[in-house]
>>> print(open('target01.cif').read())   # mmCIF, C-alpha atoms
data_input
#
loop_
_atom_site.label_atom_id
_atom_site.label_comp_id
_atom_site.auth_asym_id
_atom_site.auth_seq_id
_atom_site.Cartn_x
_atom_site.Cartn_y
_atom_site.Cartn_z
CA MET A 743 59.67 124.71 103.64
CA ARG A 744 62.62 126.24 101.81
CA TRP A 745 63.53 128.54 104.69
CA LEU A 746 63.49 125.53 107.01
CA VAL A 747 65.90 123.63 104.75
CA GLU A 748 68.22 126.61 104.40
CA SER A 749 68.13 127.21 108.17
CA SER A 750 69.09 123.58 108.73
CA ILE A 751 71.96 123.97 106.25
CA ARG A 752 73.23 127.01 108.16
CA ILE A 753 73.03 125.06 111.42
CA CYS A 754 75.13 122.28 109.86
CA GLY A 755 77.66 124.92 108.81
CA LEU A 756 78.07 126.45 112.27
CA SER A 757 81.71 127.05 113.13
CA ALA A 758 83.73 127.69 116.26
CA SER A 759 87.24 129.00 116.85
CA LEU A 760 89.63 126.63 118.60
CA PHE A 761 93.38 127.20 118.94
CA ASP A 762 93.49 129.88 116.22
CA SER A 763 91.59 127.66 113.76
CA THR A 764 87.99 127.55 112.62
CA ILE A 765 86.17 124.24 112.96
CA ARG A 766 82.81 123.67 111.30
CA LEU A 767 80.28 121.27 112.77
CA LYS A 768 79.95 119.28 109.55
CA ASP A 769 83.73 118.87 109.34
CA VAL A 770 83.74 117.17 112.74
CA SER A 771 80.77 114.85 112.27
CA ALA A 772 80.20 112.65 109.22
CA THR A 773 76.51 112.44 110.14
CA VAL A 774 76.09 116.22 110.05
CA GLN A 775 77.98 116.27 106.76
CA GLN A 776 75.59 113.71 105.25
CA VAL A 777 72.54 115.60 106.49
CA ASP A 778 74.00 118.74 104.92
CA VAL A 779 74.45 116.92 101.58
CA ARG A 780 70.84 115.73 101.52
CA LEU A 781 69.48 119.12 102.56
CA GLU A 782 71.35 120.89 99.78
CA GLN A 783 70.06 118.37 97.25
CA PHE A 784 66.49 118.87 98.48
CA SER A 785 66.90 122.65 98.43
CA PHE A 786 67.60 122.57 94.70
CA PHE A 787 64.85 120.11 93.76
CA PRO A 788 62.03 122.75 93.44
CA SER A 789 63.98 124.88 90.95
CA GLN A 790 64.98 121.78 89.00
CA ILE A 791 61.38 120.55 88.81
CA ALA A 792 60.22 124.00 87.66
CA LEU A 793 62.87 124.08 84.93
CA ILE A 794 62.18 120.54 83.74
CA SER A 795 58.42 121.06 83.64
CA THR A 796 58.77 124.04 81.29
CA ARG A 797 60.65 121.91 78.71
CA SER A 798 62.45 124.95 77.42
CA ARG A 799 64.29 124.47 74.11
CA ARG A 800 66.14 127.77 74.19
CA ASP A 801 69.07 126.31 76.09
CA ILE A 802 69.06 122.59 75.43
CA ALA A 803 72.42 122.02 77.14
CA THR A 804 71.23 123.55 80.42
CA PHE A 805 67.89 121.73 80.25
CA SER A 806 69.59 118.38 79.62
CA ALA A 807 72.09 118.92 82.43
CA GLN A 808 69.34 119.83 84.92
CA TYR A 809 67.20 116.90 83.75
CA ILE A 810 70.02 114.38 84.17
CA ASN A 811 71.15 115.82 87.51
CA PHE A 812 67.66 115.78 88.94
CA PHE A 813 66.84 112.20 88.02
CA ASN A 814 70.32 110.99 88.94
CA ASN A 815 69.99 112.46 92.44
CA ALA A 816 66.45 111.11 92.73
CA TRP A 817 67.57 107.60 91.73
CA LEU A 818 70.53 107.73 94.11
CA ILE A 819 68.33 108.78 97.04
CA PHE A 820 65.75 106.13 96.19
CA ASN A 821 68.35 103.34 95.97
CA ASP A 822 70.08 104.66 99.08
CA VAL A 823 66.84 104.39 101.05
CA VAL A 824 66.01 100.92 99.67
CA VAL A 825 69.45 99.50 100.48
CA GLY A 826 69.45 101.30 103.83
CA ILE A 827 66.14 99.76 104.85
CA ALA A 828 67.41 96.29 103.93
CA VAL A 829 70.68 96.69 105.84
CA GLY A 830 68.85 98.36 108.73
CA ALA A 831 66.44 95.44 108.99
CA ILE A 832 69.36 93.04 109.32
CA LEU A 833 70.96 95.18 112.02
CA SER A 834 67.68 95.63 113.92
CA GLU A 835 66.80 91.94 113.91
CA ASN A 836 70.28 90.94 115.12
CA HIS A 837 71.06 93.99 117.26
CA VAL A 838 71.85 91.92 120.37
CA TYR A 839 74.42 89.76 118.58
CA PHE A 840 76.03 92.67 116.73
CA GLY A 841 76.02 94.83 119.87
CA LYS A 842 77.87 92.22 121.91
CA LEU A 843 80.26 91.60 119.04
CA LEU A 844 80.96 95.32 118.69
CA TYR A 845 81.66 95.76 122.40
CA THR A 846 83.86 92.64 122.54
CA TYR A 847 86.08 93.69 119.63
CA THR A 848 86.18 97.32 120.76
CA GLU A 849 87.43 96.32 124.19
CA LEU A 850 89.81 93.73 122.74
CA TRP A 851 91.52 95.84 120.07
CA THR A 852 91.36 99.37 121.47
CA ILE A 853 91.98 98.59 125.15
CA GLU A 854 93.42 95.16 125.92
CA HIS A 855 95.79 94.89 122.95
CA LEU A 856 96.85 98.51 123.40
CA ILE A 857 97.70 97.98 127.08
CA THR A 858 99.57 94.77 126.18
CA ALA A 859 101.61 96.64 123.55
CA LEU A 860 102.45 99.43 126.00
CA ARG A 861 103.62 96.97 128.63
CA TRP A 862 105.67 95.15 126.00
CA LEU A 863 107.39 98.40 125.00
CA ASP A 864 108.18 99.06 128.66
CA ASP A 865 110.03 95.75 128.90
CA TRP A 866 112.90 96.35 126.43
CA PRO A 867 111.19 95.05 123.26
CA VAL A 868 113.28 92.88 120.85
CA GLY A 869 116.36 93.62 122.90
CA LEU A 870 116.13 97.39 122.41
CA LYS A 871 117.29 98.99 125.64
CA LEU A 872 115.16 102.07 126.18
CA ASN A 873 115.50 104.71 128.84
CA THR A 874 113.91 102.98 131.82
CA ASN A 875 112.57 106.02 133.65
CA LEU A 876 111.20 107.77 130.56
CA SER A 877 109.70 104.55 129.21
CA ARG A 878 108.01 103.86 132.53
CA ALA A 879 106.60 107.41 132.66
CA LEU A 880 105.27 107.25 129.08
CA SER A 881 103.88 103.75 129.51
CA LEU A 882 102.08 104.56 132.74
CA SER A 883 100.67 107.78 131.29
CA PHE A 884 99.22 106.11 128.21
CA ILE A 885 98.00 103.07 130.17
CA THR A 886 96.29 105.37 132.67
CA LEU A 887 94.51 107.21 129.86
CA THR A 888 93.43 103.90 128.33
CA ILE A 889 92.17 102.55 131.67
CA ILE A 890 90.18 105.74 132.29
CA TRP A 891 88.56 105.34 128.88
CA SER A 892 87.82 101.66 129.57
CA ARG A 893 86.10 102.58 132.83
CA LEU A 894 83.97 105.10 130.96
CA LEU A 895 83.20 102.54 128.25
CA ARG A 896 82.39 99.60 130.51
CA PRO A 897 79.06 101.01 131.85
CA LEU A 898 78.02 101.59 128.22
CA GLY A 899 78.62 97.95 127.28
CA PRO A 900 75.03 96.77 127.95
CA HIS A 901 73.74 99.62 125.76
CA PHE A 902 75.72 98.63 122.65
CA PRO A 903 72.80 96.49 121.34
CA HIS A 904 70.59 99.58 121.59
CA LEU A 905 73.22 101.51 119.64
CA VAL A 906 73.20 98.91 116.88
CA TYR A 907 69.39 98.97 116.89
CA PHE A 908 69.51 102.74 116.43
CA LEU A 909 71.84 102.21 113.48
CA GLY A 910 69.25 99.88 111.99
CA ILE A 911 66.45 102.40 112.50
CA SER A 912 68.58 105.09 110.81
CA GLY A 913 68.55 102.90 107.71
CA TRP A 914 65.18 104.44 106.87
CA SER A 915 67.20 107.57 106.03
CA GLY A 916 69.44 105.56 103.73
CA LEU A 917 72.55 103.47 103.81
CA THR A 918 74.61 106.67 103.78
CA MET A 919 73.20 107.55 107.21
CA ILE A 920 74.32 104.16 108.57
CA LEU A 921 77.80 104.70 107.12
CA SER A 922 77.98 108.25 108.53
CA LEU A 923 76.92 107.15 112.00
CA SER A 924 79.42 104.28 111.81
CA SER A 925 82.21 106.73 110.95
CA ASP A 926 81.31 108.92 113.93
CA MET A 927 81.12 105.81 116.11
CA VAL A 928 84.65 104.83 115.09
CA SER A 929 85.86 108.31 116.01
CA LEU A 930 84.21 108.18 119.43
CA LEU A 931 85.34 104.64 120.28
CA THR A 932 88.97 105.46 119.40
CA ILE A 933 89.14 108.94 120.92
CA HIS A 934 91.67 107.77 123.54
CA ILE A 935 93.95 106.54 120.75
CA TYR A 936 93.67 109.93 119.05
CA LEU A 937 94.54 111.79 122.26
CA SER A 938 97.52 109.51 122.88
CA TYR A 939 98.61 110.00 119.27
CA LEU A 940 98.42 113.78 119.66
CA ALA A 941 100.55 113.66 122.80
CA ALA A 942 103.15 111.31 121.29
CA THR A 943 103.31 113.33 118.05
CA THR A 944 103.76 116.61 119.92
CA VAL A 945 106.62 115.25 122.02
CA CYS A 946 108.31 113.61 119.04
CA ARG A 947 107.95 116.79 116.98
CA ARG A 948 109.57 118.82 119.76
CA ILE A 949 112.46 116.34 119.89
CA ILE A 950 113.02 116.62 116.12
CA ILE A 951 112.97 120.43 116.23
CA THR A 952 115.34 120.49 119.21
CA ALA A 953 117.76 118.07 117.50
CA GLY A 954 117.72 120.25 114.38
CA SER A 955 118.48 123.39 116.39
CA LEU A 956 121.36 121.70 118.20
CA TRP A 957 122.71 120.40 114.90
CA ASN A 958 122.77 123.99 113.61
CA LEU A 959 124.61 125.00 116.77
CA PHE A 960 127.41 122.50 116.11
CA ARG A 961 127.72 123.76 112.54
CA GLY A 962 127.98 127.35 113.70
CA LYS A 963 124.62 128.30 112.20
CA ARG A 964 121.62 130.12 113.57
CA TYR A 965 118.14 130.44 112.11
CA ASN A 966 117.24 134.02 111.22
CA VAL A 967 113.54 134.42 111.97
CA LEU A 968 113.16 137.72 110.10
CA GLN A 969 114.94 136.60 106.93
CA GLN A 970 113.83 132.96 107.32
CA ARG A 971 117.25 131.59 106.54
CA LEU A 972 120.36 130.12 108.22
CA ASP A 973 123.13 132.58 109.05
CA SER A 974 126.61 131.94 110.36
CA TRP A 975 127.08 132.67 114.06
CA ASP A 976 129.94 132.49 116.55
CA TYR A 977 128.85 130.68 119.70
CA SER A 978 130.68 131.01 123.00
CA LEU A 979 132.27 128.07 124.76
CA ASP A 980 129.50 127.96 127.39
CA GLN A 981 126.86 127.77 124.68
CA LEU A 982 128.68 124.93 122.95
CA LEU A 983 129.02 122.99 126.21
CA LEU A 984 125.35 123.45 127.02
CA GLY A 985 124.45 122.42 123.49
CA THR A 986 126.59 119.30 123.80
CA MET A 987 124.85 118.27 127.00
CA LEU A 988 121.41 118.89 125.53
CA PHE A 989 122.31 117.03 122.34
CA THR A 990 123.49 114.05 124.38
CA LEU A 991 120.25 114.12 126.37
CA VAL A 992 118.13 114.29 123.22
CA THR A 993 120.13 111.50 121.57
CA PHE A 994 119.61 109.06 124.42
CA LEU A 995 115.95 109.93 125.00
CA SER A 996 114.80 110.02 121.37
CA PRO A 997 114.69 106.21 120.79
CA THR A 998 112.26 105.78 123.67
CA ILE A 999 110.00 108.56 122.40
CA VAL A 1000 110.16 107.34 118.79
CA VAL A 1001 109.13 103.81 119.80
CA TYR A 1002 105.97 105.01 121.55
CA TYR A 1003 105.28 107.44 118.72
CA ALA A 1004 105.54 104.60 116.19
CA LEU A 1005 103.01 102.56 118.15
CA PHE A 1006 100.35 105.26 118.16
CA SER A 1007 101.15 106.29 114.59
CA GLY A 1008 100.37 102.75 113.47
CA ALA A 1009 97.15 102.75 115.49
CA ARG A 1010 96.19 106.12 114.03
CA LEU A 1011 96.86 104.91 110.48
CA ALA A 1012 94.62 101.88 111.10
CA VAL A 1013 91.77 104.15 112.24
CA ILE A 1014 92.29 106.47 109.27
CA MET A 1015 92.09 103.53 106.86
CA MET A 1016 88.72 102.66 108.37
CA HIS A 1017 87.56 106.24 107.83
CA ALA A 1018 88.91 106.15 104.26
CA GLY A 1019 86.86 103.05 103.47
CA LEU A 1020 83.67 104.54 104.91
CA GLU A 1021 84.21 107.89 103.15
CA THR A 1022 84.82 106.13 99.84
CA LEU A 1023 81.52 104.26 100.22
CA LEU A 1024 79.76 107.51 101.12
CA ALA A 1025 81.14 109.28 98.04
CA PHE A 1026 80.07 106.29 95.93
CA MET A 1027 76.52 106.33 97.32
CA ASN A 1028 76.14 110.10 97.05
CA HIS A 1029 77.65 110.78 93.64
CA PHE A 1030 77.53 107.63 91.53
CA PRO A 1031 76.14 108.45 88.01
CA LEU A 1032 73.50 105.73 88.07
CA PHE A 1033 70.91 107.47 85.89
CA VAL A 1034 73.55 108.53 83.38
CA LEU A 1035 74.73 104.95 83.00
CA MET A 1036 71.15 103.78 82.50
CA LEU A 1037 70.69 106.33 79.72
CA ARG A 1038 74.03 105.36 78.20
CA VAL A 1039 73.03 101.70 78.05
CA LYS A 1040 69.34 102.12 77.19
CA ASP A 1041 69.42 105.06 74.76
CA SER A 1042 72.91 106.36 74.11
CA GLN A 1043 71.60 108.98 71.67
CA ARG A 1044 70.23 110.98 74.61
CA LEU A 1045 73.78 111.58 75.81
CA PRO A 1046 75.45 113.26 72.84
CA GLY A 1047 79.20 113.60 73.07
CA GLY A 1048 79.79 115.02 69.60
CA ILE A 1049 79.08 114.45 65.93
CA ILE A 1050 80.93 112.65 63.18
CA LEU A 1051 80.69 112.83 59.41
CA ILE A 1052 80.70 109.48 57.61
CA PRO A 1053 81.48 109.60 53.88
CA GLY A 1054 78.90 107.81 51.75
CA ARG A 1055 78.66 107.02 48.08
CA ARG A 1056 80.26 109.32 45.52
CA ASP A 1057 78.04 110.83 42.86
CA HIS A 1058 79.90 110.20 39.55
CA GLU A 1059 78.03 112.88 37.63
CA SER A 1060 78.58 115.76 40.04
CA ARG A 1061 81.66 114.21 41.65
CA ALA A 1062 80.18 115.10 45.05
CA VAL A 1063 80.54 113.00 48.16
CA ASN A 1064 77.52 112.34 50.31
CA LEU A 1065 78.26 112.83 54.00
CA LYS A 1066 76.19 111.23 56.73
CA LEU A 1067 75.90 113.11 60.03
CA GLU A 1068 75.77 110.83 63.10
CA ASN A 1069 75.62 111.48 66.79
CA THR A 1070 78.43 110.12 68.98
CA PRO A 1071 77.40 109.21 72.54
CA ILE A 1072 79.48 110.50 75.40
CA PRO A 1073 82.26 108.06 76.34
CA PHE A 1074 82.40 106.37 79.73
CA SER A 1075 85.50 108.37 80.59
CA GLY A 1076 83.39 111.52 80.24
CA ILE A 1077 80.72 110.08 82.53
CA PHE A 1078 83.20 109.19 85.29
CA PHE A 1079 85.56 112.15 84.93
CA GLN A 1080 84.35 113.73 88.18
CA HIS A 1081 84.79 110.44 90.01
CA LEU A 1082 88.28 110.11 88.60
CA LEU A 1083 89.04 113.55 90.03
CA LEU A 1084 87.62 112.52 93.40
CA TRP A 1085 89.59 109.28 93.32
CA GLY A 1086 92.72 111.29 92.50
CA ARG A 1087 92.15 113.48 95.56
CA VAL A 1088 91.56 110.48 97.82
CA SER A 1089 94.50 108.48 96.49
CA SER A 1090 96.88 111.45 96.70
CA HIS A 1091 95.79 112.20 100.27
CA TYR A 1092 96.20 108.58 101.38
CA HIS A 1093 99.28 107.88 99.26
CA PRO A 1094 101.74 105.68 101.20
CA ILE A 1095 104.69 107.99 100.49
CA ARG A 1096 102.75 111.01 101.76
CA LEU A 1097 101.70 109.14 104.92
CA LEU A 1098 105.26 107.94 105.53
CA ARG A 1099 106.52 111.50 105.07
CA HIS A 1100 104.07 112.71 107.72
CA VAL A 1101 105.09 109.90 110.06
CA ALA A 1102 108.81 110.60 109.56
CA SER A 1103 108.37 114.33 110.19
CA ALA A 1104 106.04 113.75 113.19
CA THR A 1105 103.21 115.84 111.78
CA ILE A 1106 99.54 115.21 112.52
CA ILE A 1107 97.81 112.77 110.14
CA ASN A 1108 94.16 113.56 109.53
CA PRO A 1109 91.53 112.02 107.24
CA ILE A 1110 90.80 113.77 103.98
CA PRO A 1111 88.55 116.82 104.46
CA ARG A 1112 85.01 115.71 103.69
CA TYR A 1113 84.25 118.97 101.91
CA SER A 1114 86.78 118.12 99.18
CA ILE A 1115 85.01 114.90 98.12
CA ARG A 1116 81.47 116.21 97.69
CA TYR A 1117 79.38 118.58 95.56
CA SER A 1118 80.54 116.78 92.42
CA MET A 1119 76.99 115.91 91.32
CA LEU A 1120 75.22 119.08 92.45
CA PRO A 1121 74.17 121.27 89.53
CA ILE A 1122 76.00 124.51 88.89
CA GLY A 1123 74.19 127.46 90.37
CA SER A 1124 72.67 125.57 93.26
CA PHE A 1125 72.68 126.90 96.77
CA GLY A 1126 75.32 124.38 97.82
CA THR A 1127 77.58 125.00 94.81
CA LYS A 1128 77.55 128.75 95.29
CA ARG A 1129 78.34 128.38 98.94
CA ALA A 1130 81.15 125.92 98.18
CA GLU A 1131 82.70 128.33 95.66
CA LYS A 1132 82.39 131.17 98.16
CA ILE A 1133 84.19 129.16 100.84
CA LYS A 1134 86.96 128.07 98.43
CA THR A 1135 87.63 131.63 97.27
CA SER A 1136 87.59 133.10 100.79
#
>>> encode(input="target01.cif", output="structure tokens")
Amino acid sequence: MRWLVESSIRICGLSASLFDSTIRLKDVSATVQQVDVRLEQFSFFPSQIALISTRSRRDIATFSAQYINFFNNAWLIFNDVVVGIAVGAILSENHVYFGKLLYTYTELWTIEHLITALRWLDDWPVGLKLNTNLSRALSLSFITLTIIWSRLLRPLGPHFPHLVYFLGISGWSGLTMILSLSSDMVSLLTIHIYLSYLAATTVCRRIIITAGSLWNLFRGKRYNVLQQRLDSWDYSLDQLLLGTMLFTLVTFLSPTIVVYYALFSGARLAVIMMHAGLETLLAFMNHFPLFVLMLRVKDSQRLPGGIILIPGRRDHESRAVNLKLENTPIPFSGIFFQHLLLWGRVSSHYHPIRLLRHVASATIINPIPRYSIRYSMLPIGSFGTKRAEKIKTS
């Protein structure tokens, strides 16, 4: 059984090279990522059970950590399955209604409203006079891509209730599986927005780089690739004239490109916020310290966080002070410290200033890497933790 689990983990970690970058399967799909999380938890359960059953007192700290981690993961999986079955039953019983609702809002927000916005931008929005020919070319290109996607989506409309029913059936694997499939569904239903965003970002980025190069030309500067610095340079008259014409062209075309880029940047940010909400719920369901909180409330002495010495009565004859040794339970900040770290990573990645900086510099905005918000509750020394450390150090 163990070799089957480890083989499945390796399948989830399969990678492929694309455009000089390595892409892992579990980084692309939230569902594969969730399956990988559960498999790594299951792969460590046998060793945890063997350690807990021995009740070794040689290393109490390790025994307590393994005991708490095992039962915390077991409680999380149990509650995940219970809540998933309940939510799945609701989705399965109302799959026709939810399927039609999903298709209606998908077509309305990702196709009809998008085409309406593109046509509005092509008609001098709010009195902003754009370049007519460039605006028409960009508008028709993006509208054509959206229409092609709508024609591919329309035959799948009658099958949306079956898709919702499948989501309900997946609830038997837990609520996390429903959330993971929903995240992948959002990615698939908005793939045309992502492709349009990539195209608009690439064009806008090229315009910014070209404008920066022409600005250096007017200042008599040239970028030294070897030294990676700006050096002074004497340009000829022909070069200055050509630079002036190109700078004029870029100046008059950039507002049109920036307007379309702003549209798809806003759409991309809306999709990323949906992913952020689903990923936050996934991290909550996978790593919430439920068992630790139960121990903290029920029997806080089982979670020692230190000791304190309380002075008692003074003995007048020997002038000695009686000291009482008491156990101090671990504070709540110590219980949630890993989650505070995870929240810090998520909040820093989705910080408004960081997102605005990416939008202003026309760089690609991606959701937070899923690998950076997991493995917080896996015990040290597990198969998944060792592999995570190996990947981070490589």
>>> resolve_selection(input="target01.cif", expression="the PyMOL selection byres ((chain A and resi 1068) around 6)", output="VMD selection string")
chain A and resid 1049 to 1050 1067 1069
>>> residues_around(input="target01.cif", residues="Gln1043 (chain A)", least_positions_apart="5", cutoff="9 Å", atoms="only C-alpha atoms", output="list of chain:residue names")
A:Leu1037, A:Arg1038, A:Asn1069, A:Thr1070, A:Pro1071, A:Ile1072
>>> resolve_selection(input="target01.cif", expression="the PyMOL selection byres ((chain A and resi 962) around 9)", output="list in words")
Trp957, Asn958, Leu959, Phe960, Arg961, Lys963, Arg964, Asp973, Ser974, Trp975, Asp976 and Tyr977 of chain A
>>> atom_distance(input="target01.cif", atom1="CA of Gln970 (chain A)", atom2="CA of Gly985 (chain A)")
22.0 Å
>>> residues_near_point(input="target01.cif", point="(98.8, 101.7, 129.2)", cutoff="8 Å", atoms="all atoms listed in the file", output="list in words")
Leu856, Ile857, Thr858, Leu860, Arg861, Ser881, Leu882, Ser883, Phe884, Ile885, Thr886, Leu887, Thr888 and Ile889 of chain A
>>> write_last_selection(input="target01.cif", atoms="C-alpha atoms", output="compact mmCIF listing (two decimals), keeping the file's coordinate frame")
# COMPACT_ATOMS: atom_id res chain seq x y z
CA LEU A 856 96.85 98.51 123.40
CA ILE A 857 97.70 97.98 127.08
CA THR A 858 99.57 94.77 126.18
CA LEU A 860 102.45 99.43 126.00
CA ARG A 861 103.62 96.97 128.63
CA SER A 881 103.88 103.75 129.51
CA LEU A 882 102.08 104.56 132.74
CA SER A 883 100.67 107.78 131.29
CA PHE A 884 99.22 106.11 128.21
CA ILE A 885 98.00 103.07 130.17
CA THR A 886 96.29 105.37 132.67
CA LEU A 887 94.51 107.21 129.86
CA THR A 888 93.43 103.90 128.33
CA ILE A 889 92.17 102.55 131.67
>>> closest_residue(input="target01.cif", among="A:Leu1097, A:Leu898, A:Ile950, A:Ala941", to="Pro997 (chain A)", atoms="all atoms listed in the file")
A:Ile950
>>> closest_residue(input="target01.cif", among="A:Leu876, A:Val777, A:Leu894, A:Ile810", to="Ile1077 (chain A)", atoms="all atoms listed in the file")
A:Ile810
>>> atom_distance(input="target01.cif", atom1="CA of Pro1109 (chain A)", atom2="CA of Ile1014 (chain A)")
6.0 Å
>>> resolve_selection(input="target01.cif", expression="the PyMOL selection byres ((chain A and resi 849) around 12)", output="list in words")
Lys842, Leu843, Leu844, Tyr845, Thr846, Tyr847, Thr848, Leu850, Trp851, Thr852, Ile853, Glu854, His855, Leu856, Ile857, Thr888, Ile889, Trp891, Ser892, Arg893, Leu894, Leu895, Arg896, Leu898, Gly899, Leu931 and Thr932 of chain A
